[in-house]
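Text of query_11.txt, listed as compact mmCIF, C-alpha atoms and all ligand atoms:
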# COMPACT_ATOMS: atom_id res chain seq x y z
CA MET Y 24 38.96 108.17 -45.04
CA HIS Y 25 36.82 105.03 -45.62
CA LYS Y 26 38.98 102.00 -46.43
CA ILE Y 27 37.56 99.13 -48.49
CA ASN Y 28 39.57 95.99 -49.20
CA ILE Y 29 39.39 94.61 -52.72
CA ILE Y 30 39.84 90.89 -53.43
CA HIS Y 31 39.95 90.26 -57.16
CA LEU Y 32 39.36 86.96 -59.01
CA GLY Y 33 40.10 86.60 -62.73
CA ILE Y 34 42.99 88.63 -64.12
CA GLY Y 35 42.15 88.27 -67.82
CA ASN Y 36 41.15 90.92 -70.38
CA VAL Y 37 38.57 92.66 -68.20
CA GLY Y 38 40.51 92.04 -64.97
CA LYS Y 39 43.72 93.66 -66.27
CA GLU Y 40 41.82 96.66 -67.59
CA PHE Y 41 40.01 96.96 -64.23
CA ILE Y 42 43.35 97.13 -62.38
CA LYS Y 43 44.50 99.90 -64.74
CA GLU Y 44 41.28 101.89 -64.34
CA ILE Y 45 41.19 101.49 -60.55
CA GLY Y 46 44.66 103.11 -60.42
CA GLU Y 47 43.41 106.00 -62.55
CA VAL Y 48 40.29 106.80 -60.50
CA SER Y 49 41.67 106.15 -57.00
CA PRO Y 50 42.92 109.73 -56.34
CA SER Y 51 39.60 111.31 -57.36
CA TRP Y 52 37.54 108.82 -55.33
CA LYS Y 53 39.65 109.70 -52.28
CA ARG Y 54 39.02 113.42 -52.83
CA LYS Y 55 35.37 113.22 -53.88
CA TYR Y 56 33.99 110.39 -51.73
CA GLY Y 57 36.64 109.86 -49.06
CA ILE Y 58 36.94 106.24 -50.25
CA PHE Y 59 40.27 104.43 -50.28
CA LEU Y 60 40.30 101.13 -52.22
CA ASN Y 61 42.92 98.81 -50.78
CA TYR Y 62 43.71 96.39 -53.63
CA CYS Y 63 45.02 93.58 -51.45
CA GLY Y 64 44.30 90.23 -53.13
CA MET Y 65 44.43 88.93 -56.69
CA PHE Y 66 43.64 85.38 -57.76
CA GLY Y 67 43.75 83.25 -60.90
CA SER Y 68 42.43 79.72 -61.23
CA LYS Y 69 45.68 78.31 -59.80
CA GLY Y 70 46.01 80.49 -56.72
CA GLY Y 71 46.91 84.03 -55.89
CA VAL Y 72 48.61 86.59 -53.73
CA PHE Y 73 47.41 88.55 -50.69
CA ASP Y 74 48.85 91.37 -48.60
CA ALA Y 75 46.58 93.00 -45.99
CA GLU Y 76 48.45 96.31 -46.41
CA GLY Y 77 47.81 96.36 -50.17
CA LEU Y 78 49.70 94.73 -53.03
CA SER Y 79 52.78 96.50 -54.37
CA GLU Y 80 52.78 97.65 -58.01
CA LYS Y 81 55.53 95.11 -58.68
CA LYS Y 82 53.47 92.20 -57.33
CA ILE Y 83 50.43 93.28 -59.37
CA LYS Y 84 52.46 93.75 -62.55
CA ASN Y 85 54.21 90.41 -62.27
CA PHE Y 86 51.09 88.36 -61.46
CA PRO Y 87 50.71 85.34 -61.81
CA LYS Y 88 54.49 84.84 -61.32
CA THR Y 89 54.12 86.47 -57.88
CA SER Y 90 51.33 84.07 -56.90
CA SER Y 91 52.22 82.46 -53.58
CA GLY Y 92 49.57 79.76 -53.52
CA VAL Y 93 47.31 81.60 -51.03
CA ASP Y 94 43.80 80.14 -50.84
CA VAL Y 95 41.05 82.68 -51.56
CA LYS Y 96 38.64 80.99 -49.12
CA GLU Y 97 41.05 81.50 -46.22
CA VAL Y 98 41.42 85.17 -47.15
CA LEU Y 99 37.64 85.71 -47.34
CA GLU Y 100 37.19 84.04 -43.94
CA ALA Y 101 39.91 86.10 -42.23
CA ILE Y 102 39.55 89.58 -43.72
CA ALA Y 103 38.44 92.22 -41.20
CA ASP Y 104 37.58 95.58 -42.80
CA PRO Y 105 34.69 96.07 -45.23
CA PHE Y 106 35.56 94.21 -48.39
CA ILE Y 107 34.37 93.66 -51.95
CA LEU Y 108 35.00 90.46 -53.89
CA ILE Y 109 35.34 91.25 -57.60
CA ASP Y 110 34.69 88.36 -60.01
CA THR Y 111 35.95 88.95 -63.55
CA THR Y 112 36.39 85.25 -64.28
CA ALA Y 113 34.23 83.21 -66.66
CA SER Y 114 34.18 80.40 -64.08
CA ASP Y 115 31.11 78.43 -63.00
CA LYS Y 116 32.71 77.80 -59.59
CA THR Y 117 32.52 81.25 -57.96
CA LEU Y 118 28.98 81.07 -56.52
CA GLU Y 119 30.38 79.27 -53.45
CA LEU Y 120 32.83 82.16 -52.92
CA PHE Y 121 29.99 84.69 -53.20
CA MET Y 122 28.11 82.87 -50.42
CA LEU Y 123 31.23 82.79 -48.27
CA THR Y 124 31.68 86.52 -48.88
CA PHE Y 125 28.11 87.30 -47.79
CA SER Y 126 28.44 85.16 -44.68
CA HIS Y 127 31.50 87.21 -43.68
CA GLY Y 128 29.78 90.55 -44.27
CA GLY Y 129 31.39 91.24 -47.66
CA TYR Y 130 30.02 92.53 -50.96
CA VAL Y 131 30.31 91.14 -54.49
CA VAL Y 132 30.75 92.90 -57.84
CA THR Y 133 30.82 90.68 -60.91
CA SER Y 134 30.81 90.65 -64.72
CA ASN Y 135 30.59 86.84 -64.73
CA LYS Y 136 27.20 85.53 -65.96
CA LYS Y 137 27.72 81.92 -64.85
CA PRO Y 138 26.72 82.25 -61.15
CA PHE Y 139 23.34 83.63 -62.31
CA THR Y 140 22.71 81.07 -65.03
CA GLN Y 141 23.05 77.79 -63.21
CA SER Y 142 19.95 76.23 -61.63
CA GLN Y 143 16.92 78.30 -60.65
CA GLU Y 144 17.50 77.10 -57.09
CA GLN Y 145 20.99 78.63 -57.04
CA PHE Y 146 19.65 81.85 -58.54
CA ASP Y 147 17.05 81.98 -55.72
CA GLN Y 148 19.89 81.84 -53.17
CA LEU Y 149 21.66 84.75 -54.83
CA GLU Y 150 18.51 86.82 -55.34
CA LYS Y 151 18.22 87.51 -51.61
CA TYR Y 152 21.32 89.72 -51.91
CA PHE Y 153 20.35 91.72 -55.04
CA GLY Y 154 20.46 95.49 -54.65
CA LYS Y 155 22.13 95.14 -51.23
CA LYS Y 156 25.19 92.94 -51.41
CA ILE Y 157 25.78 92.01 -55.06
CA PHE Y 158 26.14 94.25 -58.11
CA PHE Y 159 26.20 92.73 -61.60
CA GLU Y 160 25.22 95.34 -64.19
CA THR Y 161 27.99 94.21 -66.60
CA THR Y 162 26.67 90.66 -66.97
CA VAL Y 163 24.28 91.91 -69.69
CA GLY Y 164 25.42 94.52 -72.25
CA ALA Y 165 28.72 95.30 -70.42
CA ALA Y 166 28.51 98.88 -69.06
CA LEU Y 167 25.20 99.69 -70.80
CA PRO Y 168 22.45 100.41 -68.24
CA VAL Y 169 20.36 97.30 -68.88
CA ILE Y 170 19.81 95.71 -65.47
CA SER Y 171 19.44 99.09 -63.72
CA THR Y 172 16.83 100.14 -66.33
CA LEU Y 173 14.90 96.90 -65.82
CA ASN Y 174 15.02 97.35 -62.03
CA ASN Y 175 13.83 100.96 -62.33
CA PHE Y 176 10.77 99.78 -64.30
CA ILE Y 177 9.96 97.16 -61.67
CA ASP Y 178 10.58 99.50 -58.71
CA THR Y 179 8.40 102.27 -60.17
CA GLY Y 180 5.45 99.97 -60.83
CA ASP Y 181 5.73 99.81 -64.62
CA SER Y 182 5.05 96.47 -66.23
CA ILE Y 183 7.42 95.10 -68.87
CA SER Y 184 5.71 93.39 -71.80
CA GLU Y 185 8.88 92.57 -73.78
CA ILE Y 186 12.66 92.96 -73.74
CA LYS Y 187 14.02 92.43 -77.20
CA GLY Y 188 17.42 93.05 -78.69
CA CYS Y 189 20.82 92.09 -79.97
CA PHE Y 190 22.94 91.20 -76.94
CA SER Y 191 26.07 89.94 -78.66
CA GLY Y 192 28.76 92.24 -80.05
CA THR Y 193 30.32 89.29 -81.89
CA LEU Y 194 27.11 88.19 -83.63
CA GLY Y 195 26.22 91.84 -84.35
CA TYR Y 196 29.58 92.28 -86.04
CA ILE Y 197 29.12 89.11 -88.12
CA PHE Y 198 25.58 89.89 -89.34
CA PHE Y 199 26.42 93.52 -90.11
CA HIS Y 200 29.34 92.39 -92.28
CA LEU Y 201 27.27 89.70 -94.02
CA GLU Y 202 24.93 92.51 -95.01
CA GLU Y 203 27.91 94.47 -96.36
CA GLY Y 204 28.75 91.52 -98.65
CA MET Y 205 31.40 89.74 -96.58
CA LEU Y 206 31.43 85.91 -96.55
CA PHE Y 207 30.36 84.20 -93.30
CA SER Y 208 33.76 82.53 -92.74
CA GLN Y 209 35.56 85.85 -93.35
CA ALA Y 210 33.28 87.72 -90.97
CA VAL Y 211 33.89 85.14 -88.21
CA LYS Y 212 37.65 85.23 -88.89
CA GLN Y 213 37.76 89.02 -88.76
CA ALA Y 214 35.65 89.14 -85.58
CA LYS Y 215 38.11 86.68 -84.00
CA GLU Y 216 41.17 88.65 -85.16
CA ARG Y 217 39.73 91.87 -83.74
CA GLY Y 218 39.20 90.23 -80.34
CA PHE Y 219 35.37 90.40 -80.42
CA THR Y 220 34.89 86.63 -80.10
CA GLU Y 221 35.72 84.36 -77.18
CA PRO Y 222 39.02 82.46 -77.79
CA ASP Y 223 36.83 79.65 -79.17
CA PRO Y 224 34.28 81.43 -81.45
CA ARG Y 225 31.83 78.54 -80.96
CA ASP Y 226 31.04 80.03 -77.51
CA ASP Y 227 29.48 82.96 -79.41
CA LEU Y 228 28.22 81.13 -82.52
CA SER Y 229 26.33 78.54 -80.45
CA GLY Y 230 24.11 81.35 -79.09
CA MET Y 231 24.86 80.23 -75.49
CA ASP Y 232 26.30 83.58 -74.44
CA VAL Y 233 23.14 85.37 -75.63
CA ALA Y 234 20.95 82.67 -74.03
CA ARG Y 235 22.69 83.26 -70.67
CA LYS Y 236 22.01 87.01 -70.89
CA ALA Y 237 18.37 86.35 -71.85
CA LEU Y 238 18.09 83.94 -68.90
CA ILE Y 239 19.32 86.60 -66.46
CA LEU Y 240 16.77 89.12 -67.77
CA ALA Y 241 13.95 86.54 -67.74
CA ARG Y 242 14.74 85.56 -64.14
CA LEU Y 243 14.91 89.21 -63.10
CA LEU Y 244 11.41 89.57 -64.59
CA GLY Y 245 10.32 86.83 -62.21
CA LYS Y 246 10.17 83.96 -64.69
CA ARG Y 247 11.22 80.60 -63.22
CA ILE Y 248 13.28 79.15 -66.01
CA GLU Y 249 16.34 77.00 -66.73
CA ILE Y 250 18.86 77.51 -69.56
CA GLU Y 251 17.58 74.30 -71.26
CA ASP Y 252 14.12 75.89 -71.52
CA ILE Y 253 15.43 78.60 -73.87
CA LYS Y 254 15.07 77.79 -77.54
CA THR Y 255 18.59 78.66 -78.74
CA GLU Y 256 19.58 78.63 -82.41
CA SER Y 257 23.20 77.71 -83.12
CA LEU Y 258 24.94 79.05 -86.25
CA TYR Y 259 26.76 75.74 -86.78
CA PRO Y 260 25.76 72.06 -86.39
CA GLN Y 261 26.50 70.29 -83.09
CA ASN Y 262 28.74 67.70 -84.75
CA MET Y 263 31.37 70.47 -85.19
CA ASP Y 264 31.80 70.75 -81.41
CA GLY Y 265 34.53 68.11 -81.41
CA LEU Y 266 36.81 69.95 -83.89
CA THR Y 267 39.88 71.94 -82.89
CA VAL Y 268 39.42 75.72 -83.16
CA ASP Y 269 41.66 75.84 -86.27
CA LYS Y 270 39.76 73.02 -87.97
CA PHE Y 271 36.45 74.64 -87.03
CA MET Y 272 37.56 77.96 -88.55
CA GLU Y 273 38.55 76.14 -91.73
CA THR Y 274 35.33 74.12 -91.96
CA ILE Y 275 32.88 77.02 -91.59
CA ARG Y 276 33.65 78.02 -95.19
CA ARG Y 277 31.04 75.45 -96.15
CA PHE Y 278 28.31 77.80 -94.82
CA ASP Y 279 29.41 80.81 -96.91
CA ASN Y 280 26.96 80.22 -99.76
CA GLU Y 281 24.05 79.44 -97.47
CA TYR Y 282 24.44 82.75 -95.56
CA LYS Y 283 25.06 84.69 -98.78
CA LYS Y 284 21.78 83.40 -100.21
CA LYS Y 285 19.85 84.09 -97.00
CA ILE Y 286 21.08 87.68 -96.68
CA CYS Y 287 20.43 88.42 -100.41
CA LYS Y 288 16.92 86.97 -100.17
CA VAL Y 289 15.88 89.18 -97.24
CA GLY Y 290 17.83 92.17 -98.66
CA ALA Y 291 15.56 92.14 -101.73
CA ARG Y 292 12.65 92.97 -99.38
CA SER Y 293 14.62 95.76 -97.59
CA ARG Y 294 15.09 93.46 -94.64
CA THR Y 295 18.14 91.96 -92.99
CA LEU Y 296 19.16 89.30 -90.46
CA ARG Y 297 20.05 89.83 -86.81
CA TYR Y 298 20.72 87.46 -83.92
CA VAL Y 299 17.87 88.42 -81.61
CA ALA Y 300 16.86 87.60 -78.04
CA SER Y 301 13.28 88.12 -76.95
CA VAL Y 302 12.03 87.86 -73.37
CA THR Y 303 8.38 88.15 -72.32
CA ALA Y 304 6.41 86.87 -69.33
CA SER Y 305 5.54 83.71 -71.24
CA SER Y 306 8.50 83.08 -73.57
CA CYS Y 307 12.25 83.38 -73.99
CA THR Y 308 13.82 82.78 -77.42
CA VAL Y 309 17.23 83.33 -78.95
CA GLY Y 310 18.04 83.03 -82.66
CA VAL Y 311 18.35 84.52 -86.13
CA GLU Y 312 15.47 86.79 -87.09
CA GLU Y 313 14.53 88.72 -90.19
CA VAL Y 314 14.12 92.41 -89.27
CA GLU Y 315 13.40 95.73 -91.05
CA LYS Y 316 16.67 97.16 -92.43
CA ASN Y 317 15.70 100.62 -91.17
CA GLY Y 318 14.25 99.51 -87.84
CA ASP Y 319 15.99 99.71 -84.44
CA LEU Y 320 17.57 96.26 -84.76
CA GLY Y 321 18.36 96.44 -88.49
CA ASN Y 322 20.10 99.79 -88.04
CA LEU Y 323 22.61 98.34 -85.62
CA LYS Y 324 26.22 98.70 -86.80
CA GLY Y 325 29.27 96.55 -86.00
CA PRO Y 326 29.62 95.12 -82.50
CA ASP Y 327 27.10 97.44 -80.80
CA ASN Y 328 24.28 96.04 -78.64
CA ILE Y 329 20.70 97.21 -78.57
CA ILE Y 330 18.08 96.44 -75.91
CA VAL Y 331 14.50 97.57 -76.51
CA PHE Y 332 12.18 97.71 -73.49
CA LYS Y 333 8.47 97.68 -74.24
CA THR Y 334 6.44 98.44 -71.11
CA LYS Y 335 2.98 99.68 -70.11
CA ARG Y 336 4.32 103.26 -70.01
CA TYR Y 337 6.79 102.90 -72.90
CA ASP Y 338 4.37 101.13 -75.21
CA LYS Y 339 4.06 102.85 -78.61
CA ASN Y 340 7.53 104.34 -78.25
CA PRO Y 341 9.73 101.77 -76.43
CA LEU Y 342 12.79 102.73 -74.39
CA VAL Y 343 15.98 101.87 -76.26
CA VAL Y 344 19.44 101.30 -74.77
CA ARG Y 345 22.16 101.13 -77.41
CA GLY Y 346 25.97 101.23 -77.60
CA PRO Y 347 29.09 99.10 -77.17
CA GLY Y 348 28.04 95.97 -75.28
CA ALA Y 349 31.46 94.31 -75.10
CA GLY Y 350 35.14 95.14 -74.82
CA ALA Y 351 37.53 95.03 -71.87
CA SER Y 352 37.68 98.77 -71.34
CA VAL Y 353 33.92 99.49 -71.22
CA THR Y 354 33.28 96.34 -69.18
CA ALA Y 355 35.97 97.31 -66.64
CA GLU Y 356 34.39 100.76 -66.45
CA GLY Y 357 31.03 99.12 -65.65
CA VAL Y 358 32.65 96.94 -62.97
CA LEU Y 359 34.21 100.06 -61.46
CA ALA Y 360 30.84 101.84 -61.43
CA ASP Y 361 29.40 98.85 -59.53
CA VAL Y 362 32.30 99.02 -57.05
CA LEU Y 363 31.39 102.65 -56.37
CA GLU Y 364 27.75 101.66 -55.92
CA ALA Y 365 28.78 98.96 -53.41
CA ALA Y 366 31.13 101.39 -51.63
CA LYS Y 367 28.31 103.92 -51.21
CA PHE Y 368 26.15 101.12 -49.83
CA ILE Y 369 28.84 100.16 -47.32
CA TYR Y 370 29.15 103.68 -45.92
CA HIS Y 371 25.64 105.08 -46.29
CA SER Y 372 23.40 102.16 -45.29
N1 LIG C 401 35.30 90.84 -72.47
C1 LIG C 401 34.13 91.45 -72.55
O1 LIG C 401 33.86 92.27 -73.43
C2 LIG C 401 33.07 91.16 -71.51
C3 LIG C 401 31.88 91.92 -71.48
C4 LIG C 401 30.92 91.67 -70.48
C5 LIG C 401 31.13 90.63 -69.58
N2 LIG C 401 32.28 89.89 -69.67
C6 LIG C 401 32.49 88.79 -68.74
O2 LIG C 401 33.58 89.14 -67.88
C7 LIG C 401 34.30 87.97 -67.53
C8 LIG C 401 35.77 88.15 -67.91
O3 LIG C 401 35.88 88.30 -69.30
P1 LIG C 401 37.32 88.34 -69.99
O4 LIG C 401 37.09 88.72 -71.39
O5 LIG C 401 38.26 89.13 -69.15
O6 LIG C 401 37.72 86.79 -69.91
P2 LIG C 401 39.19 86.16 -69.85
O7 LIG C 401 40.16 87.04 -70.56
O8 LIG C 401 39.06 84.75 -70.25
O9 LIG C 401 39.57 86.24 -68.29
C9 LIG C 401 39.06 85.41 -67.32
C10 LIG C 401 40.20 85.12 -66.33
O10 LIG C 401 39.69 84.38 -65.23
C11 LIG C 401 40.71 83.48 -64.80
N3 LIG C 401 40.03 82.42 -64.06
C12 LIG C 401 39.34 81.35 -64.53
N4 LIG C 401 38.81 80.63 -63.52
C13 LIG C 401 39.16 81.26 -62.38
C14 LIG C 401 38.92 81.03 -61.00
N5 LIG C 401 38.19 79.98 -60.59
N6 LIG C 401 39.41 81.90 -60.09
C15 LIG C 401 40.18 82.96 -60.47
N7 LIG C 401 40.45 83.24 -61.78
C16 LIG C 401 39.95 82.40 -62.71
C17 LIG C 401 41.39 83.03 -66.10
O11 LIG C 401 42.76 82.78 -66.01
P3 LIG C 401 43.50 81.53 -65.38
O12 LIG C 401 42.60 80.35 -65.62
O13 LIG C 401 44.77 81.44 -66.12
O14 LIG C 401 43.68 81.90 -63.97
C18 LIG C 401 41.32 84.31 -66.94
O15 LIG C 401 42.49 85.09 -66.81
C19 LIG C 401 33.62 86.81 -68.24
O16 LIG C 401 32.71 86.20 -67.37
C20 LIG C 401 32.89 87.49 -69.40
O17 LIG C 401 31.74 86.76 -69.83
C21 LIG C 401 33.25 90.14 -70.58

Output the file's structure in the form of structure tokens.
Amino acid sequence: MHKINIIHLGIGNVGKEFIKEIGEVSPSWKRKYGIFLNYCGMFGSKGGVFDAEGLSEKKIKNFPKTSSGVDVKEVLEAIADPFILIDTTASDKTLELFMLTFSHGGYVVTSNKKPFTQSQEQFDQLEKYFGKKIFFETTVGAALPVISTLNNFIDTGDSISEIKGCFSGTLGYIFFHLEEGMLFSQAVKQAKERGFTEPDPRDDLSGMDVARKALILARLLGKRIEIEDIKTESLYPQNMDGLTVDKFMETIRRFDNEYKKKICKVGARSRTLRYVASVTASSCTVGVEEVEKNGDLGNLKGPDNIIVFKTKRYDKNPLVVRGPGAGASVTAEGVLADVLEAAKFIYHS
């Protein structure tokens, strides 16, 4: 039996679901692959708990109350067996822990976009470990095969002319419901109530989340680019950044008429609005776009994502990846798939 230690950072929506799913698949992974995942460390932003023999169900269930103030750096420095650091935080501080992990022979699996979207210089440091030591499919489109598809194109000598799509479940949900006649403020409120938005919906409405995903894809295409270089359209004015979330939710009613008019105007020409990211060798843009109602992007329903790859080989008929691009359960499933990928690497390389 091959034992792999798991150190897990970020026990939020995705993290909790990951713990549940790991418990469900463990018996079949033991049988099928001879892999035993030893879930031995869990950490929040204020510390965590570690037991080299594996954490008891009680300790896992009662986290963070069971947190004993252990420092994750000390654990990563001391751990002996093969190990995988899982990052399901939304923190911009974990890059340092990734580097520590690599220097101690460990592997990283992450759904956190932030370590990939800081400076180009930091991305260059991480890039050395891609495909060998770090697995991050879920940073774009959750469990949809976006990064693996892009890598397959590059590895098989195809050349990508454009990646275009709707990368945000939240913004997809909002624009689809605008089209159905819902007011902008209602659509945002409903998206928030259904758990599609970040706790502060401005994180989605500012376009930053989509810009980060576009930045990852652009950098994977070889473009040297910073987040500030991406033209990002926000759905609200910057002077609303200082409001409380409640006040912000109240104030967005003032945009209802504007969005109603916009969607009616394009609807009269059988077109609609979508929040679109477009990445090519020479440009990277993120914002609201008028699209054909019956086209790939216009057809998108609810919180689904769509990513359209136009390449030398897939030119007239581009390759389309489509489906749920957010949600704790599908994202955790994608993280788990990356853990299996890393585990196979550990024992077959
Ligand atoms: N939810 C989705 O549908 C989805 C889809 C694709 C990708 N993702 C990405 O997956 C990540 C997790 O998403 P989520 O929805 O689970 O977010 P979340 O519910 O906010 O969970 C993040 C957790 O990380 C913890 N945390 C913050 N800083 C930390 C640190 N330095 N060390 C350890 N823990 C820390 C936070 O709790 P404490 O601060 O209390 O410890 C929180 O529990 C994010 O990066 C998100 O962008 C999410």

**Request:** Just the residues within 12 Å of Ile107 (chain Y), please, counting all atoms listed in the file, with nothing from its chain fewer than 6 positions along; format it as number ranges by chain.
**Result:** Y: 26-32, 60-64, 99, 120-121, 123-125, 127-133, 156-158, 358-359, 361-369

**Message:** Can you measure atom O3 of ligand LIG 401 (chain C) to CA of Glu40 (chain Y) for me? One decimal in Å is fine.
**Reply:** 10.4 Å

**Item:** Selection as an NGL selection string: residues within 9 Å of ligand LIG 401 (chain C) by all atoms listed in the file
**Value:** :Y and (31-40 or 65-71 or 87 or 95 or 110-117 or 133-137 or 161-166 or 192 or 218-222 or 232 or 348-355 or 357)

Could you write those residues out with C-alpha atoms, as an mmCIF file, in the frame of the given file?
data_model
loop_
_atom_site.group_PDB
_atom_site.id
_atom_site.type_symbol
_atom_site.label_atom_id
_atom_site.label_comp_id
_atom_site.auth_asym_id
_atom_site.auth_seq_id
_atom_site.Cartn_x
_atom_site.Cartn_y
_atom_site.Cartn_z
ATOM 1 C CA HIS Y 31 39.950 90.260 -57.160
ATOM 2 C CA LEU Y 32 39.360 86.960 -59.010
ATOM 3 C CA GLY Y 33 40.100 86.600 -62.730
ATOM 4 C CA ILE Y 34 42.990 88.630 -64.120
ATOM 5 C CA GLY Y 35 42.150 88.270 -67.820
ATOM 6 C CA ASN Y 36 41.150 90.920 -70.380
ATOM 7 C CA VAL Y 37 38.570 92.660 -68.200
ATOM 8 C CA GLY Y 38 40.510 92.040 -64.970
ATOM 9 C CA LYS Y 39 43.720 93.660 -66.270
ATOM 10 C CA GLU Y 40 41.820 96.660 -67.590
ATOM 11 C CA MET Y 65 44.430 88.930 -56.690
ATOM 12 C CA PHE Y 66 43.640 85.380 -57.760
ATOM 13 C CA GLY Y 67 43.750 83.250 -60.900
ATOM 14 C CA SER Y 68 42.430 79.720 -61.230
ATOM 15 C CA LYS Y 69 45.680 78.310 -59.800
ATOM 16 C CA GLY Y 70 46.010 80.490 -56.720
ATOM 17 C CA GLY Y 71 46.910 84.030 -55.890
ATOM 18 C CA PRO Y 87 50.710 85.340 -61.810
ATOM 19 C CA VAL Y 95 41.050 82.680 -51.560
ATOM 20 C CA ASP Y 110 34.690 88.360 -60.010
ATOM 21 C CA THR Y 111 35.950 88.950 -63.550
ATOM 22 C CA THR Y 112 36.390 85.250 -64.280
ATOM 23 C CA ALA Y 113 34.230 83.210 -66.660
ATOM 24 C CA SER Y 114 34.180 80.400 -64.080
ATOM 25 C CA ASP Y 115 31.110 78.430 -63.000
ATOM 26 C CA LYS Y 116 32.710 77.800 -59.590
ATOM 27 C CA THR Y 117 32.520 81.250 -57.960
ATOM 28 C CA THR Y 133 30.820 90.680 -60.910
ATOM 29 C CA SER Y 134 30.810 90.650 -64.720
ATOM 30 C CA ASN Y 135 30.590 86.840 -64.730
ATOM 31 C CA LYS Y 136 27.200 85.530 -65.960
ATOM 32 C CA LYS Y 137 27.720 81.920 -64.850
ATOM 33 C CA THR Y 161 27.990 94.210 -66.600
ATOM 34 C CA THR Y 162 26.670 90.660 -66.970
ATOM 35 C CA VAL Y 163 24.280 91.910 -69.690
ATOM 36 C CA GLY Y 164 25.420 94.520 -72.250
ATOM 37 C CA ALA Y 165 28.720 95.300 -70.420
ATOM 38 C CA ALA Y 166 28.510 98.880 -69.060
ATOM 39 C CA GLY Y 192 28.760 92.240 -80.050
ATOM 40 C CA GLY Y 218 39.200 90.230 -80.340
ATOM 41 C CA PHE Y 219 35.370 90.400 -80.420
ATOM 42 C CA THR Y 220 34.890 86.630 -80.100
ATOM 43 C CA GLU Y 221 35.720 84.360 -77.180
ATOM 44 C CA PRO Y 222 39.020 82.460 -77.790
ATOM 45 C CA ASP Y 232 26.300 83.580 -74.440
ATOM 46 C CA GLY Y 348 28.040 95.970 -75.280
ATOM 47 C CA ALA Y 349 31.460 94.310 -75.100
ATOM 48 C CA GLY Y 350 35.140 95.140 -74.820
ATOM 49 C CA ALA Y 351 37.530 95.030 -71.870
ATOM 50 C CA SER Y 352 37.680 98.770 -71.340
ATOM 51 C CA VAL Y 353 33.920 99.490 -71.220
ATOM 52 C CA THR Y 354 33.280 96.340 -69.180
ATOM 53 C CA ALA Y 355 35.970 97.310 -66.640
ATOM 54 C CA GLY Y 357 31.030 99.120 -65.650
#

**Request:** Write out as a list in words which residues come within 10 Å of Asp338 (chain Y) when counting only C-alpha atoms, dropping same-chain ones fewer than 4 positions away.
**Result:**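 Result of the neighbour search: Ile183, Ser184, Glu185, Phe332, Lys333, Thr334 and Leu342 of chain Y.
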
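Between CA of Ile286 (chain Y) and CA of Val309 (chain Y) the interatomic distance comes to 18.7 Å.
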
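Of note, CA of Ser208 (chain Y) and CA of Ile329 (chain Y) are spaced 24.2 Å apart.
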
Can you pull out the residues contacting Lys236 (chain Y)? Cut-off 12 Å, using only C-alpha atoms, and skip same-chain residues under 2 positions away; I want them as a short mmCIF file (atom, residue, chain, number, x, y, z; two decimals) with C-alpha atoms, keeping the file's coordinate frame.
data_model
loop_
_atom_site.label_atom_id
_atom_site.label_comp_id
_atom_site.auth_asym_id
_atom_site.auth_seq_id
_atom_site.Cartn_x
_atom_site.Cartn_y
_atom_site.Cartn_z
CA SER Y 134 30.81 90.65 -64.72
CA ASN Y 135 30.59 86.84 -64.73
CA LYS Y 136 27.20 85.53 -65.96
CA LYS Y 137 27.72 81.92 -64.85
CA PRO Y 138 26.72 82.25 -61.15
CA PHE Y 139 23.34 83.63 -62.31
CA THR Y 140 22.71 81.07 -65.03
CA PHE Y 159 26.20 92.73 -61.60
CA GLU Y 160 25.22 95.34 -64.19
CA THR Y 161 27.99 94.21 -66.60
CA THR Y 162 26.67 90.66 -66.97
CA VAL Y 163 24.28 91.91 -69.69
CA GLY Y 164 25.42 94.52 -72.25
CA ALA Y 165 28.72 95.30 -70.42
CA VAL Y 169 20.36 97.30 -68.88
CA ILE Y 170 19.81 95.71 -65.47
CA ILE Y 186 12.66 92.96 -73.74
CA LYS Y 187 14.02 92.43 -77.20
CA GLY Y 188 17.42 93.05 -78.69
CA CYS Y 189 20.82 92.09 -79.97
CA PHE Y 190 22.94 91.20 -76.94
CA SER Y 191 26.07 89.94 -78.66
CA GLY Y 230 24.11 81.35 -79.09
CA MET Y 231 24.86 80.23 -75.49
CA ASP Y 232 26.30 83.58 -74.44
CA VAL Y 233 23.14 85.37 -75.63
CA ALA Y 234 20.95 82.67 -74.03
CA LEU Y 238 18.09 83.94 -68.90
CA ILE Y 239 19.32 86.60 -66.46
CA LEU Y 240 16.77 89.12 -67.77
CA ALA Y 241 13.95 86.54 -67.74
CA ARG Y 242 14.74 85.56 -64.14
CA LEU Y 243 14.91 89.21 -63.10
CA ILE Y 250 18.86 77.51 -69.56
CA ILE Y 253 15.43 78.60 -73.87
CA THR Y 255 18.59 78.66 -78.74
CA VAL Y 299 17.87 88.42 -81.61
CA ALA Y 300 16.86 87.60 -78.04
CA SER Y 301 13.28 88.12 -76.95
CA VAL Y 302 12.03 87.86 -73.37
CA CYS Y 307 12.25 83.38 -73.99
CA THR Y 308 13.82 82.78 -77.42
CA VAL Y 309 17.23 83.33 -78.95
CA ILE Y 330 18.08 96.44 -75.91
CA GLY Y 348 28.04 95.97 -75.28
#

Six-sided padding of 3 Å per side, axis-aligned box over region 334-347 of chain Y, centre and edges in Å, one decimal, as AutoDock Vina command-line options:
--center_x 16.0 --center_y 101.4 --center_z -74.3 --size_x 32.1 --size_y 11.9 --size_z 14.6

**Request:** Counting all atoms listed in the file, write as a ChimeraX atom specification all protein and nucleic acid residues lying at most 7 Å from (24.9, 91.5, -82.7) in the file's frame.
**Result:** /Y:189-196,198,297-298,326-328
